[in-house]
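Participant: Can you keep this structure in mind? I'll have questions shortly.
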Amino acid sequence: MPTVPPSTRPAWWPHFNSTLRSTAVTARLGLVLGIAIGACFLTGLLSYFQYQAWEWLPPPASPVWGYRVTQGVHVATGMAAIPLVLVKLWSVYPNNFRWPPFRSVKRVVERITLALLVSATLVQLFTGFFNVLNWYPFRWDFVSVHYRLAYVVVGSLLLHVAVKLPDIVYGLQTKVAEGDVLTEVPWNENPESHSIAGPLPPPVTPGLSRRGVLTAAGAGIGVVVVTSVGQTLTPLEPIGLLAVREPSKGPQGVPVNRTAEEANVIAAARAPDWTLTIIGPKPYALSLAEIEEMAVHGARFPISCVEGWSANADWLGLRLLEIVERAGGTADSQIRVRSLEAAGFFNKSVIFGPQLSHALLATHLNGERLSVDHGYPLRLIAPNRAGAFNTKWLATIEFIS
Amino acid sequence: MKIWRILLAVVGIGIATYGISQLLTQVPRQTLVLVALWLIGALIIHDGLLSPAVVGVGAALRRYVPDRGRRYLQFGLIMAAMVTVIAVPMIYRARTQPPAKALLLQDFGINLTVLLAAIGGGTLIAYAIRVARDRSVPGRPPPNQAHE
């Protein structure tokens with residue numbers, strides 16, 4: 001590699017002389033960030049599977065808290081990754097200012113893939129956070145972009161790890177205080193770098209030490225996680241200063257993601273002549289009074305939202321499987337439930353496999369008749385099922401097969 | 001290590017290519033334009049505005065704050081910045097949603113103030129303890145050279 005002495009740079013070119021930044025610091029931050037992004041990606045795929053389950057592999061019904069945990073982890077690690085990625089990028093900022101800027105084709109290609117990695121990661125994390133806030137300053141369908149951009153993030157991240165693997169190995173093996181200083185001059189062009197000059201007294205960090213930076217970052221992220229995760233981890237709700245949701249403050253102790261007013265179903269849901277229509281080999285209908293008489297089965301299932309919040313709840317209702325069997329179906333049937341809501345993605349859902357066998361058509365929540373925001377007169381609730389597919393304000397149950 | 005690097009690179013390029021081709025074929029053109037603008041915007045805001053501001057703050061601290069105090073100030077500022085970046089969108093979005101959602105019901109301005117006060121207070125206490133210790137150790141060099 002050609003060596004370009006720093007003196008050939010123009011005088012105005014940015015110069016970084018902080019000794020805080022180091023390959024050793026970056027490698028440690030990167031390792032944690034990589035784990036966080038990996039956890040986000042895998043839990044995200046599990047969530048996407050709830051949205052697009054394969055027919056031959058129905059989503060499991062157990063553990064009942066499965067989606068609660070995986071989606072809670074997805075949102076918590078995603079939120080924690082926002083401050084983490086900012087510190088990680090701070091630690092490598094001088095790399096943007098290597099001289100000369102376009103030194104080789106290889107280097108330019110690397111910079112382009114890095115730009116893709118950084119921008120995709122920032123957009124992915126921030127739009128994910130905004131979605132949790134029900135804030136859509138981006139004017140696109142969240143799920144279809146979030147899902148596909150995840151592959152761009154993870155793919156370009158793996159490529160980045162491949163390119164940087166020797167630096168990562170060096171950074172993780174060297175002591176934090178001793179590792180090469182990271183400036184706009186790469187270590188292999190700096191004769192005084194720890195890697196070239198051999199054992200040297202560690203560089204002086206007159207203010208905060210490198211370990212101090214890592215500790216402060218860990219403490220800051222710790223505060224964010226502890227004060228935000230109460231929306232999933234019920235015991236931490238009281239200290240949820242940054243908790244987006246406070247599950248206990250929802251009606252009947254459970255939040256709502258779509259109100260009856262937003263769904264425009266209030267009048268239809270409260271109509272006394274409401275009936276549940278079952279369309280199958282042996283079709284029939286159940287009146288409100290019949291439904292309420294049959295609602296004797298209790299279950300304790302959490303409701304777990306794709307936006308990360310969740311709350312455990314006691315439900316009372318009818319077994320969906322019994323309703324299906326009465327219409328001539330079996331536990332192997334594929335069922336679609338439809339809401340009174342006229343349109344939209346969430347006015348219906350498909351249920352089959354183990355979730356069908358365990359699902360309730362609920363009339364009561366935490367000992368009270370369902371409120372209209374919770375799906376009065378009747379809603380679906382099944383274990384380990386994404387909240388959005390526990391369809392509310394049920395009107396019909398139909399057989400797909 | 002070489003075989004690992006090749007393997008990682010091949011898998012990485014494969015996954016990223018899949019993502020990009022999915023975006024290009026499955027997402028409406030109008031959305032793609034917006035996503036591209038956001039990607040470029042994220043780079044400009046981060047590398048062009050946020051990072052230079054952080055570098056500027058760091059340089060100002062180095063110039064104007066003595067080493068011993070700066071250590072604690074930097075620690076507190078890093079924590080404060082992390083909490084703030086999460087809290088600010090929440091402050092902006094607070095109380096925009098129907099109460100039944102139990103979504104963003106808190107006054108996050110107050111919550112952020114509480115968190116920043118706790119971080120500031122903790123940092124000050126740690127600094128005070130440090131100053132007191134330095135004084136109680138006889139023959140200790142003056143603080144600004146203590147760790148150089």
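How things are named: the first chain in the structure tokens is A, the next is B, and so on; residues count from 1 in each chain; ligands count from 1 in the order shown.
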Taking only C-alpha atoms into account, report as a PyMOL selection string which residues of chain A lie within 6 Å of chain B.
Facilitator: chain A and resi 83+119+140+148+151-152+155-156+158-159+162+206-208+216+220+224+241+244-246+249-251+255-257
Participant: Extract, using only C-alpha atoms, all DNA, RNA and protein residues at most 8 Å from Ala263 (chain A), discarding same-chain residues fewer than 4 positions from it, and format them as a compact mmCIF listing (two decimals) with C-alpha atoms, in the first residue's frame.
Facilitator:
# COMPACT_ATOMS: atom_id res chain seq x y z
CA ARG A 258 -56.80 0.53 17.36
CA THR A 259 -59.78 2.15 19.02
CA GLU A 341 -64.56 -3.10 10.47
Participant: Rounded to one decimal in Å, what is the spacing between CA of Thr8 (chain A) and CA of Ser104 (chain A)?
Facilitator: 17.0 Å
Participant: Using only C-alpha atoms for the distances, tell me which of A:Ser209, A:Thr19, A:Ser228, A:Ser339 is nearest to Ala80 (chain A).
Facilitator: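 Result for the nearest residue to Ala80 (chain A): A:Ser228.
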Participant: Extract the full set of helix (DSSP H, G or I) residues from region 106-250 of chain A according to DSSP on the backbone, and format it as a PyMOL selection string.
Facilitator: chain A and resi 106-132+142-173+187-189+194-197+210-231+234-239+247-249
Participant: Could you give me, as number ranges by chain, the residues within 7 Å of region 129-138 of chain A, counting only C-alpha atoms and dropping anything in the same chain fewer than 4 positions from it?
Facilitator: A: 79, 125, 244, 307
Participant: Report the distance between CA of Gly120 (chain B) and CA of Thr227 (chain A) in Å, rounded to one decimal place.
Facilitator: 17.0 Å
